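Here's the structure, in structure tokens; my notes come after.
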Amino acid sequence: KSITDAEDAELVRLQKLLCVPNEARDAIHKELCGDIFSKTVSSALAAGVDRFSPDDRKSITTAMEAVKLGRDAAKEIVDDVARKYLLKYISTSRSQKDRISSAKEIKKMIFFSNLVLTPVVGDLKTEEERQAEKDAIAQQKEIQEIMAKAKEEAEKEKKAESGEVAATEKKEVQGFFDSNPTTDAVAEEPAAAPAEEKKEDKKEEEPAIVYQKEINLAKDMEVSDRVDVYRNYLLYAMTGDVITGPMGVQMVAERDEAEFGRLSQLGDVLGLNQMDVM
């Protein structure tokens, strides 16, 4: 169930001697070695959200290297196996008796994608791909900052036109001199501001978690079915969970705002575009 470096070198020599095209070589390699790799991937993903460990994660890359499988072929196999697990969650969700239980099963699917598939997909990426993702995130963040700044400037201009800024500044200046009658106090006040701004800027630089989008159900389900799954989860996010109390009395629990963040991730797992979501 593995290929040594010496055997790999011999395969390269044979390919040249037999004039086997790279496409044919990759297809044969995927067919014969892919089955071994596929079983390893399936075994690792079977651990699920609760039991998936670093050892399970490492077993996938170890198996890929052991059979000398290319990254592209490995990605295709992981995609095939992972989608089957995602479809199991969909199937279980549809078999539930009520909408709440169905939505909870979809939530498990979101966690599976975020906590299991995200690291697995990340391990199969090249350094160039990882860097490209970082650059895209940085660019998106820069655009958001520019938009936020433009919005802030627009609000300031609007206030200035109505005279609110002038009145507010006059009140603040008067209050400042009333509480700081000496020139020494006036000189000391601005010194504290830059330090506070620097501290806030440092806090904002924490990297955001980016979950995988590559593996989704776009090829396995009709768009109408995928939209229906999304719609049901949106209803769940809006209404909240239901708790059964004494004597079978049902009470609506407090709505969890985090569910709206999971909605975005669900859209990615279902392979929905922005128009579908809207």
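Residue numbering restarts at 1 for every chain of the structure tokens, chains are lettered A, B, ... in their displayed order, and ligands are numbered from 1 as they appear.
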
- Item | Shell of 9 Å around Val78 of chain A, only C-alpha atoms, local chain residues under 5 positions omitted, as number ranges by chain | A: 37-38, 41-42, 73, 83, 120-121, 215

Restricting the output to N, CA, C and O atoms, write the selected residues as a PDB file, in the first residue's frame.
```pdb
ATOM      1  N   PHE A  37      -6.066   5.406  -1.149  1.00  0.00           N
ATOM      2  CA  PHE A  37      -6.189   6.742  -0.551  1.00  0.00           C
ATOM      3  C   PHE A  37      -7.629   7.028  -0.152  1.00  0.00           C
ATOM      4  O   PHE A  37      -7.892   7.581   0.919  1.00  0.00           O
ATOM      5  N   SER A  38      -8.580   6.644  -0.997  1.00  0.00           N
ATOM      6  CA  SER A  38     -10.001   6.882  -0.733  1.00  0.00           C
ATOM      7  C   SER A  38     -10.454   6.225   0.564  1.00  0.00           C
ATOM      8  O   SER A  38     -11.213   6.807   1.355  1.00  0.00           O
ATOM      9  N   VAL A  41      -9.163   8.221   3.502  1.00  0.00           N
ATOM     10  CA  VAL A  41      -9.945   9.456   3.669  1.00  0.00           C
ATOM     11  C   VAL A  41     -11.284   9.144   4.316  1.00  0.00           C
ATOM     12  O   VAL A  41     -11.714   9.827   5.259  1.00  0.00           O
ATOM     13  N   SER A  42     -11.960   8.121   3.829  1.00  0.00           N
ATOM     14  CA  SER A  42     -13.272   7.738   4.362  1.00  0.00           C
ATOM     15  C   SER A  42     -13.182   7.367   5.837  1.00  0.00           C
ATOM     16  O   SER A  42     -14.029   7.745   6.641  1.00  0.00           O
ATOM     17  N   ALA A  73      -5.242  14.967  -7.988  1.00  0.00           N
ATOM     18  CA  ALA A  73      -5.974  13.706  -7.865  1.00  0.00           C
ATOM     19  C   ALA A  73      -6.474  13.513  -6.439  1.00  0.00           C
ATOM     20  O   ALA A  73      -7.608  13.068  -6.208  1.00  0.00           O
ATOM     21  N   ARG A  83     -18.298  14.641  -0.067  1.00  0.00           N
ATOM     22  CA  ARG A  83     -19.667  14.955  -0.488  1.00  0.00           C
ATOM     23  C   ARG A  83     -20.646  13.865  -0.075  1.00  0.00           C
ATOM     24  O   ARG A  83     -21.799  14.146   0.236  1.00  0.00           O
ATOM     25  N   VAL A 120      -8.655  19.549   6.414  1.00  0.00           N
ATOM     26  CA  VAL A 120      -8.272  18.540   5.421  1.00  0.00           C
ATOM     27  C   VAL A 120      -8.010  19.199   4.066  1.00  0.00           C
ATOM     28  O   VAL A 120      -7.005  18.926   3.403  1.00  0.00           O
ATOM     29  N   VAL A 121      -8.914  20.074   3.656  1.00  0.00           N
ATOM     30  CA  VAL A 121      -8.747  20.795   2.387  1.00  0.00           C
ATOM     31  C   VAL A 121      -7.498  21.681   2.435  1.00  0.00           C
ATOM     32  O   VAL A 121      -6.741  21.763   1.466  1.00  0.00           O
ATOM     33  N   ILE A 215     -15.481  22.184  -1.248  1.00  0.00           N
ATOM     34  CA  ILE A 215     -16.332  20.990  -1.253  1.00  0.00           C
ATOM     35  C   ILE A 215     -17.762  21.414  -0.960  1.00  0.00           C
ATOM     36  O   ILE A 215     -18.068  21.906   0.131  1.00  0.00           O
TER      37      ILE A 215
END
```

- Item | Coordinates-based distance that separates atom CA of Val223 of chain A from atom CA of Glu76 of chain A (Å, one decimal) |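 Atom CA of Glu76 of chain A sits 22.0 Å away from atom CA of Val223 of chain A.
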
- Which neighbours of Ile209 of chain A fall inside 12 Å, counting only C-alpha atoms, when residues of the same chain fewer than 5 positions from it are skipped, and could you give them as a list in words?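 Result of the neighbour search: Asn114, Leu115, Thr118, Pro119, Glu133, Lys134, Ile137 and Gln265 of chain A.
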
What's around Met238 of chain A at 10 Å? Count only C-alpha atoms, leave out sequence neighbours fewer than 2 positions away in its own chain, and write the answer as an mmCIF file with N, CA, C and O atoms, in the first residue's frame.
```
data_model
loop_
_atom_site.group_PDB
_atom_site.id
_atom_site.type_symbol
_atom_site.label_atom_id
_atom_site.label_comp_id
_atom_site.auth_asym_id
_atom_site.auth_seq_id
_atom_site.Cartn_x
_atom_site.Cartn_y
_atom_site.Cartn_z
ATOM 1 N N ASN A 232 -35.175 26.715 5.184
ATOM 2 C CA ASN A 232 -35.579 26.098 6.458
ATOM 3 C C ASN A 232 -34.636 26.475 7.594
ATOM 4 O O ASN A 232 -35.068 26.702 8.722
ATOM 5 N N TYR A 233 -33.334 26.553 7.273
ATOM 6 C CA TYR A 233 -32.374 26.926 8.317
ATOM 7 C C TYR A 233 -32.497 28.409 8.661
ATOM 8 O O TYR A 233 -32.295 28.803 9.816
ATOM 9 N N LEU A 234 -32.846 29.222 7.683
ATOM 10 C CA LEU A 234 -33.080 30.648 7.941
ATOM 11 C C LEU A 234 -34.260 30.825 8.896
ATOM 12 O O LEU A 234 -34.202 31.641 9.825
ATOM 13 N N LEU A 235 -35.311 30.042 8.704
ATOM 14 C CA LEU A 235 -36.466 30.079 9.612
ATOM 15 C C LEU A 235 -36.056 29.684 11.023
ATOM 16 O O LEU A 235 -36.481 30.287 12.008
ATOM 17 N N TYR A 236 -35.205 28.668 11.116
ATOM 18 C CA TYR A 236 -34.699 28.202 12.420
ATOM 19 C C TYR A 236 -33.889 29.306 13.105
ATOM 20 O O TYR A 236 -34.027 29.545 14.307
ATOM 21 N N GLY A 240 -35.543 30.617 16.546
ATOM 22 C CA GLY A 240 -34.884 30.073 17.726
ATOM 23 C C GLY A 240 -35.283 28.631 17.981
ATOM 24 O O GLY A 240 -36.146 28.063 17.323
ATOM 25 N N ASP A 241 -34.655 28.031 18.996
ATOM 26 C CA ASP A 241 -34.893 26.637 19.356
ATOM 27 C C ASP A 241 -36.161 26.515 20.200
ATOM 28 O O ASP A 241 -36.663 27.488 20.747
ATOM 29 N N ARG A 255 -33.212 33.379 20.880
ATOM 30 C CA ARG A 255 -32.595 33.225 19.558
ATOM 31 C C ARG A 255 -31.083 33.389 19.638
ATOM 32 O O ARG A 255 -30.587 34.295 20.296
ATOM 33 N N ASP A 256 -30.351 32.500 18.975
ATOM 34 C CA ASP A 256 -28.890 32.541 18.949
ATOM 35 C C ASP A 256 -28.434 33.304 17.701
ATOM 36 O O ASP A 256 -28.627 32.847 16.575
ATOM 37 N N GLU A 257 -27.846 34.475 17.905
ATOM 38 C CA GLU A 257 -27.409 35.310 16.778
ATOM 39 C C GLU A 257 -26.313 34.629 15.953
ATOM 40 O O GLU A 257 -26.107 34.966 14.784
ATOM 41 N N GLU A 259 -26.340 31.826 14.728
ATOM 42 C CA GLU A 259 -26.942 31.041 13.640
ATOM 43 C C GLU A 259 -26.906 31.801 12.320
ATOM 44 O O GLU A 259 -26.813 31.199 11.250
ATOM 45 N N PHE A 260 -26.950 33.118 12.374
ATOM 46 C CA PHE A 260 -26.925 33.911 11.144
ATOM 47 C C PHE A 260 -25.536 33.869 10.501
ATOM 48 O O PHE A 260 -25.400 33.969 9.288
#
```

- Item | Selected residue, from A:Lys75, A:Arg262, A:Lys149, A:Ser224, that lies nearest to Asp276 of chain A when counting only C-alpha atoms |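 Checking each candidate against Asp276 of chain A, we get A:Ser224 as the closest.
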
- Any idea what's packed within 12 Å of Lys213 of chain A, counting only C-alpha atoms, ignoring anything in its chain fewer than 2 positions away? Could you give it as a ChimeraX atom specification? /A:79,110,113-114,117-119,121-122,133,210-211,215-218,264-273

- Item | Close residues, Gly70 of chain A itself excluded, 9 Å, only C-alpha atoms, min 4 positions apart in chain, as a PyMOL selection string | chain A and resi 26+29-30+64-65+74-75

Selection file, all heavy atoms, as a PDB file, in the first residue's frame:
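Dumped to result.pdb:
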```pdb
ATOM      1  N   ASP A  26      -1.385   9.907 -15.028  1.00  0.00           N
ATOM      2  CA  ASP A  26      -2.163  10.382 -13.882  1.00  0.00           C
ATOM      3  C   ASP A  26      -3.457   9.590 -13.712  1.00  0.00           C
ATOM      4  O   ASP A  26      -3.874   9.287 -12.594  1.00  0.00           O
ATOM      5  CB  ASP A  26      -2.488  11.872 -14.042  1.00  0.00           C
ATOM      6  CG  ASP A  26      -1.239  12.743 -13.972  1.00  0.00           C
ATOM      7  OD1 ASP A  26      -0.206  12.255 -13.467  1.00  0.00           O
ATOM      8  OD2 ASP A  26      -1.309  13.902 -14.417  1.00  0.00           O
ATOM      9  N   HIS A  29      -2.592   6.166 -12.318  1.00  0.00           N
ATOM     10  CA  HIS A  29      -2.167   6.324 -10.929  1.00  0.00           C
ATOM     11  C   HIS A  29      -3.379   6.551 -10.015  1.00  0.00           C
ATOM     12  O   HIS A  29      -3.471   5.972  -8.930  1.00  0.00           O
ATOM     13  CB  HIS A  29      -1.208   7.507 -10.825  1.00  0.00           C
ATOM     14  CG  HIS A  29      -0.247   7.391  -9.683  1.00  0.00           C
ATOM     15  ND1 HIS A  29       0.848   6.542  -9.701  1.00  0.00           N
ATOM     16  CD2 HIS A  29      -0.219   7.997  -8.475  1.00  0.00           C
ATOM     17  CE1 HIS A  29       1.506   6.645  -8.562  1.00  0.00           C
ATOM     18  NE2 HIS A  29       0.880   7.521  -7.798  1.00  0.00           N
ATOM     19  N   LYS A  30      -4.298   7.396 -10.479  1.00  0.00           N
ATOM     20  CA  LYS A  30      -5.499   7.675  -9.682  1.00  0.00           C
ATOM     21  C   LYS A  30      -6.371   6.430  -9.545  1.00  0.00           C
ATOM     22  O   LYS A  30      -6.922   6.142  -8.477  1.00  0.00           O
ATOM     23  CB  LYS A  30      -6.299   8.807 -10.320  1.00  0.00           C
ATOM     24  CG  LYS A  30      -7.527   9.205  -9.507  1.00  0.00           C
ATOM     25  CD  LYS A  30      -8.326  10.299 -10.203  1.00  0.00           C
ATOM     26  CE  LYS A  30      -9.593  10.621  -9.410  1.00  0.00           C
ATOM     27  NZ  LYS A  30     -10.426  11.635 -10.103  1.00  0.00           N
ATOM     28  N   MET A  64      -1.449  10.009   1.073  1.00  0.00           N
ATOM     29  CA  MET A  64      -1.203  10.651  -0.226  1.00  0.00           C
ATOM     30  C   MET A  64       0.275  10.542  -0.602  1.00  0.00           C
ATOM     31  O   MET A  64       0.616  10.212  -1.748  1.00  0.00           O
ATOM     32  CB  MET A  64      -1.629  12.124  -0.172  1.00  0.00           C
ATOM     33  CG  MET A  64      -1.416  12.877  -1.474  1.00  0.00           C
ATOM     34  SD  MET A  64      -1.832  14.640  -1.370  1.00  0.00           S
ATOM     35  CE  MET A  64      -0.415  15.253  -0.433  1.00  0.00           C
ATOM     36  N   GLU A  65       1.153  10.806   0.351  1.00  0.00           N
ATOM     37  CA  GLU A  65       2.589  10.746   0.101  1.00  0.00           C
ATOM     38  C   GLU A  65       3.065   9.303  -0.080  1.00  0.00           C
ATOM     39  O   GLU A  65       3.974   9.036  -0.872  1.00  0.00           O
ATOM     40  CB  GLU A  65       3.340  11.408   1.257  1.00  0.00           C
ATOM     41  CG  GLU A  65       3.111  12.918   1.327  1.00  0.00           C
ATOM     42  CD  GLU A  65       3.530  13.526   2.658  1.00  0.00           C
ATOM     43  OE1 GLU A  65       4.015  12.755   3.521  1.00  0.00           O
ATOM     44  OE2 GLU A  65       3.370  14.749   2.836  1.00  0.00           O
ATOM     45  N   ALA A  74      -5.637  13.861  -5.464  1.00  0.00           N
ATOM     46  CA  ALA A  74      -6.019  13.726  -4.054  1.00  0.00           C
ATOM     47  C   ALA A  74      -7.208  14.621  -3.725  1.00  0.00           C
ATOM     48  O   ALA A  74      -8.134  14.211  -3.014  1.00  0.00           O
ATOM     49  CB  ALA A  74      -4.833  14.079  -3.150  1.00  0.00           C
ATOM     50  N   LYS A  75      -7.201  15.844  -4.260  1.00  0.00           N
ATOM     51  CA  LYS A  75      -8.315  16.779  -4.031  1.00  0.00           C
ATOM     52  C   LYS A  75      -9.622  16.226  -4.603  1.00  0.00           C
ATOM     53  O   LYS A  75     -10.674  16.337  -3.982  1.00  0.00           O
ATOM     54  CB  LYS A  75      -8.002  18.137  -4.673  1.00  0.00           C
ATOM     55  CG  LYS A  75      -6.951  18.956  -3.928  1.00  0.00           C
ATOM     56  CD  LYS A  75      -6.663  20.243  -4.689  1.00  0.00           C
ATOM     57  CE  LYS A  75      -5.562  21.042  -4.017  1.00  0.00           C
ATOM     58  NZ  LYS A  75      -5.238  22.280  -4.781  1.00  0.00           N
TER      59      LYS A  75
END
```
